[in-house]
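Enquirer: File name input-v7.txt; file contents compact mmCIF, C-alpha atoms and all ligand atoms; full text below.
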# COMPACT_ATOMS: atom_id res chain seq x y z
CA MET I 2 -13.49 -40.14 -1.00
CA HIS I 3 -11.93 -36.67 -1.22
CA ILE I 4 -8.47 -36.26 -2.71
CA ALA I 5 -6.81 -32.83 -2.54
CA VAL I 6 -4.16 -31.56 -4.94
CA ILE I 7 -1.46 -29.15 -3.78
CA ASN I 8 0.97 -27.50 -6.20
CA GLY I 9 3.96 -25.41 -5.25
CA PRO I 10 5.92 -22.58 -6.84
CA ASN I 11 6.36 -22.08 -10.57
CA LEU I 12 3.91 -24.82 -11.46
CA ASP I 13 1.53 -22.07 -12.60
CA LEU I 14 3.99 -21.66 -15.49
CA LEU I 15 3.70 -25.25 -16.71
CA GLY I 16 3.28 -25.29 -20.45
CA VAL I 17 5.72 -22.43 -20.98
CA ARG I 18 8.29 -23.24 -18.31
CA GLU I 19 11.19 -25.41 -19.59
CA PRO I 20 8.88 -27.44 -21.85
CA GLY I 21 11.74 -29.79 -22.76
CA ARG I 22 11.86 -30.85 -19.14
CA TYR I 23 8.30 -30.43 -17.87
CA GLY I 24 6.30 -30.92 -21.08
CA THR I 25 3.76 -28.64 -22.73
CA ALA I 26 0.67 -29.48 -20.64
CA THR I 27 -0.49 -26.56 -18.54
CA LEU I 28 -1.63 -27.02 -14.95
CA ALA I 29 -5.22 -26.55 -16.21
CA VAL I 30 -4.77 -29.43 -18.66
CA ILE I 31 -3.31 -31.63 -15.91
CA GLU I 32 -6.24 -30.77 -13.66
CA ARG I 33 -8.72 -31.72 -16.40
CA ARG I 34 -6.98 -35.08 -16.82
CA LEU I 35 -7.04 -35.59 -13.07
CA ARG I 36 -10.75 -34.76 -12.86
CA ALA I 37 -11.54 -37.21 -15.64
CA ARG I 38 -9.59 -39.98 -13.89
CA ALA I 39 -11.10 -39.05 -10.50
CA ALA I 40 -14.59 -39.39 -12.02
CA GLU I 41 -13.70 -42.83 -13.39
CA LEU I 42 -12.40 -43.85 -9.97
CA GLY I 43 -15.50 -42.43 -8.29
CA VAL I 44 -13.61 -39.96 -6.07
CA GLU I 45 -13.89 -36.19 -5.54
CA LEU I 46 -10.96 -33.98 -6.43
CA ASP I 47 -10.56 -31.06 -3.98
CA GLY I 48 -8.71 -27.89 -4.93
CA PRO I 49 -6.50 -28.03 -6.82
CA VAL I 50 -4.41 -25.40 -5.07
CA GLN I 51 -1.34 -23.75 -6.58
CA SER I 52 0.73 -21.10 -4.86
CA ASN I 53 4.15 -19.56 -5.18
CA HIS I 54 4.08 -18.71 -1.45
CA GLU I 55 5.17 -21.12 1.25
CA GLY I 56 2.75 -19.76 3.89
CA VAL I 57 -0.23 -20.06 1.54
CA LEU I 58 0.70 -23.68 0.90
CA VAL I 59 1.12 -24.33 4.64
CA GLU I 60 -2.38 -22.94 5.29
CA ALA I 61 -3.88 -24.89 2.41
CA ILE I 62 -2.36 -28.05 3.92
CA HIS I 63 -3.78 -27.18 7.37
CA GLY I 64 -7.17 -26.98 5.68
CA LEU I 65 -6.95 -30.62 4.59
CA ARG I 66 -7.25 -31.89 8.16
CA GLY I 67 -10.57 -33.62 8.64
CA ARG I 68 -11.60 -32.83 5.06
CA ALA I 69 -9.39 -34.76 2.69
CA ASP I 70 -8.88 -38.51 2.73
CA GLY I 71 -5.67 -38.20 0.79
CA ALA I 72 -3.61 -35.73 -1.22
CA LEU I 73 -1.30 -35.35 -4.16
CA VAL I 74 1.51 -32.97 -3.33
CA ASN I 75 3.92 -31.47 -5.82
CA ALA I 76 5.66 -28.97 -3.56
CA ALA I 77 8.06 -28.20 -6.45
CA ALA I 78 11.23 -26.47 -5.20
CA TYR I 79 9.89 -26.45 -1.62
CA THR I 80 10.17 -30.24 -1.69
CA HIS I 81 13.90 -29.80 -1.25
CA THR I 82 13.88 -27.00 1.32
CA SER I 83 10.69 -26.57 3.30
CA VAL I 84 10.56 -27.82 6.89
CA ALA I 85 7.34 -25.75 7.20
CA ILE I 86 5.57 -27.75 4.50
CA ARG I 87 6.83 -31.01 6.00
CA ASP I 88 5.52 -29.98 9.43
CA ALA I 89 2.17 -28.88 7.96
CA LEU I 90 1.75 -32.28 6.28
CA LEU I 91 2.59 -34.02 9.56
CA ALA I 92 0.10 -31.80 11.41
CA ALA I 93 -2.65 -32.40 8.84
CA GLY I 94 -2.10 -36.13 9.12
CA VAL I 95 -3.50 -36.76 5.64
CA PRO I 96 -1.83 -39.53 3.66
CA PHE I 97 -0.26 -38.13 0.51
CA VAL I 98 1.71 -39.11 -2.55
CA GLU I 99 4.62 -36.86 -3.51
CA VAL I 100 4.49 -36.12 -7.21
CA HIS I 101 7.04 -34.70 -9.63
CA LEU I 102 6.84 -34.29 -13.37
CA SER I 103 10.59 -34.77 -13.74
CA ASN I 104 12.79 -37.52 -12.34
CA VAL I 105 14.40 -35.46 -9.61
CA TRP I 106 17.08 -38.11 -9.00
CA ALA I 107 18.32 -37.72 -12.58
CA ARG I 108 18.89 -34.00 -11.97
CA GLU I 109 21.10 -31.75 -9.85
CA PRO I 110 22.19 -33.24 -6.49
CA PHE I 111 20.23 -30.61 -4.50
CA ARG I 112 17.03 -32.10 -5.97
CA HIS I 113 17.89 -35.58 -4.71
CA GLN I 114 16.87 -34.62 -1.20
CA SER I 115 13.18 -34.47 -0.40
CA LEU I 116 12.00 -33.27 3.00
CA LEU I 117 8.66 -34.91 2.27
CA ALA I 118 9.39 -38.33 0.80
CA ASP I 119 9.88 -40.19 4.09
CA ILE I 120 6.50 -39.02 5.41
CA ALA I 121 4.70 -39.68 2.09
CA VAL I 122 2.93 -42.90 1.25
CA GLY I 123 5.14 -42.96 -1.83
CA VAL I 124 6.67 -40.89 -4.60
CA VAL I 125 5.86 -40.75 -8.32
CA ALA I 126 8.42 -38.88 -10.40
CA GLY I 127 9.57 -38.71 -13.98
CA PHE I 128 6.40 -39.37 -15.98
CA GLY I 129 5.56 -35.79 -16.88
CA ALA I 130 1.88 -34.89 -16.49
CA GLU I 131 1.13 -38.61 -16.16
CA SER I 132 2.87 -38.56 -12.75
CA TYR I 133 -0.23 -36.83 -11.38
CA VAL I 134 -2.61 -39.46 -12.77
CA LEU I 135 -0.40 -42.27 -11.48
CA GLY I 136 -0.20 -40.48 -8.14
CA LEU I 137 -3.99 -40.21 -8.00
CA GLU I 138 -4.39 -43.92 -8.72
CA ALA I 139 -1.82 -44.69 -6.04
CA ILE I 140 -3.39 -42.56 -3.30
CA VAL I 141 -6.89 -43.86 -4.05
CA HIS I 142 -5.57 -47.41 -3.87
CA HIS I 143 -3.86 -46.59 -0.57
CA VAL I 144 -6.94 -45.01 1.03
CA LYS I 145 -9.14 -47.92 -0.06
CA ALA I 146 -6.64 -50.43 1.31
CA SER I 147 -6.39 -48.47 4.59
CA ARG I 148 -10.16 -48.45 4.92
CA ARG I 149 -10.31 -52.18 4.35
CA SER I 150 -7.75 -52.76 7.07
CA GLY I 151 -9.34 -50.16 9.39
CA VAL I 152 -6.37 -47.79 9.41
CA ALA I 153 -7.01 -44.07 9.92
CA SER I 154 -7.97 -41.68 7.12
CA ARG I 155 -9.32 -38.09 6.88
CA GLY I 156 -6.73 -36.37 8.99
CA LYS I 157 -6.04 -39.43 11.08
CA SER I 158 -9.51 -39.67 12.65
CA ALA I 159 -9.82 -43.34 13.35
CA ALA I 160 -11.83 -45.17 10.75
CA ALA I 161 -14.29 -47.85 11.77
CA PRO I 162 -12.51 -51.16 12.19
CA ALA I 163 -12.99 -53.52 9.27
CA ARG I 164 -15.85 -55.87 9.91
CA ARG I 165 -14.85 -59.50 9.97
CA ARG I 166 -16.86 -61.96 7.94
CA PRO I 167 -18.55 -64.43 10.30
CA ARG I 168 -16.72 -67.73 10.38
CA THR I 169 -18.41 -70.53 8.50
CA PRO I 170 -19.13 -73.27 11.01
CA PRO I 171 -17.13 -76.42 10.34
CA ARG I 172 -19.01 -78.87 8.16
CA GLY I 173 -20.28 -82.22 9.43
C1 LIG I 201 9.36 -30.50 -9.75
C2 LIG I 201 10.83 -30.82 -9.44
C3 LIG I 201 11.44 -29.76 -8.54
O1 LIG I 201 12.81 -30.04 -8.30
C4 LIG I 201 11.35 -28.39 -9.19
O2 LIG I 201 11.84 -27.40 -8.32
C5 LIG I 201 9.99 -28.07 -9.67
C6 LIG I 201 9.20 -29.11 -10.31
C7 LIG I 201 8.76 -31.50 -10.74
O3 LIG I 201 7.52 -31.60 -10.77
O4 LIG I 201 9.47 -32.15 -11.49
O5 LIG I 201 9.57 -26.92 -9.65
O6 LIG I 201 8.64 -30.63 -8.53
Turn this file's structure into structure tokens for me.
Ligand code: DQA

Expert:
Amino acid sequence: MHIAVINGPNLDLLGVREPGRYGTATLAVIERRLRARAAELGVELDGPVQSNHEGVLVEAIHGLRGRADGALVNAAAYTHTSVAIRDALLAAGVPFVEVHLSNVWAREPFRHQSLLADIAVGVVAGFGAESYVLGLEAIVHHVKASRRSGVASRGKSAAAPARRRPRTPPRG
């Protein structure tokens, strides 16, 4: 199973950026934690990608189609503004968990709106760097559950339908 990680603007400054709000872990530290957890879960971590440019993020998301089984997306400020990133995620058709270090609903009203949340499998916010690890666990759980039920994965290419166990013939 391949899980991609997409990070939006200013997340390259984690560790020095508003540490009281976002914590002191750098993106590199978060990625190491994610890799360790991915190894325990037996999944491959693709990327991670970080960009401060919307178009670069859009193209990175296009690249997930047919490659990634799921994704963690912290689009940062673009979460609240970017129709382009929303459309790219819809086009890629890869199930994703929206991740935020901070609890965006406990912050300024303009952060309460996400253009991605309604097309995400779910949202994890407010746990600092741990949000990423929780998000990884959640998307892996989702992809496994989808595979069991035969629902699409990897850019919506139809997965093989779940095989039914043969019925045990009635006794007697
Ligand atoms: C963030 C929350 C966003 O509102 C903000 O613009 C960010 C980081 C978070 O991880 O808490 O850059 O996505």

Enquirer: One number please: atom CA of I:Phe111 to atom C3 of ligand LIG 201 (chain I), in Å, one decimal.

Expert: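 So the answer is 9.7 Å.
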
Enquirer: Write as a ChimeraX atom specification the residues around ligand LIG 201 (chain I), taking 9 Å as the cut-off and counting only C-alpha atoms and all ligand atoms.

Expert: /I:8-12,22-23,75-81,99-105,108-109,111-113,126-127,129-130,132

Enquirer: Point out the residue among I:Val134, I:Gln114, I:Gly48, I:Asp13 with the least atom-to-atom distance to I:Arg34, counting only C-alpha atoms.

Expert: I:Val134

Enquirer: When you look at I:Gly43 with a cut-off of 12 Å (counting all atoms listed in the file), what residues show up, excluding the ones that are within fewer than 2 positions of it in the same chain? I need them as a ChimeraX atom specification.

Expert: /I:2-4,35-41,45-46,137-138,141-142,145

Enquirer: I'd like to know which of I:Val95, I:Leu116, I:Thr82, I:Leu135 is closest to I:Ile31, using all atoms listed in the file.

Expert: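 Closest to I:Ile31 of all the choices is I:Leu135.
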
Enquirer: Rank I:Val98, I:Gly151, I:Ala29, I:Gly136 by their smallest atom-to-atom distance to I:Asp119, using all atoms listed in the file, and report the top residue only.

Expert: I:Val98

Enquirer: Would you please work out which residue, of I:Leu65, I:Val125, I:Val57, I:Leu91, is nearest to I:Ile140 when using only C-alpha atoms?

Expert: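 Smallest separation from I:Ile140 among the options: I:Val125.
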
Enquirer: Taking only C-alpha atoms into account, which of I:Ala72, I:Ala89, I:Leu14, I:Ala118 comes nearest I:Ala139?

Expert: I:Ala72

Enquirer: Using all atoms listed in the file, can you tell me which of I:Val124, I:Val6, I:Glu60, I:Arg18 comes closest to I:Trp106?

Expert: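 Checking each candidate against I:Trp106, we get I:Val124 as the closest.
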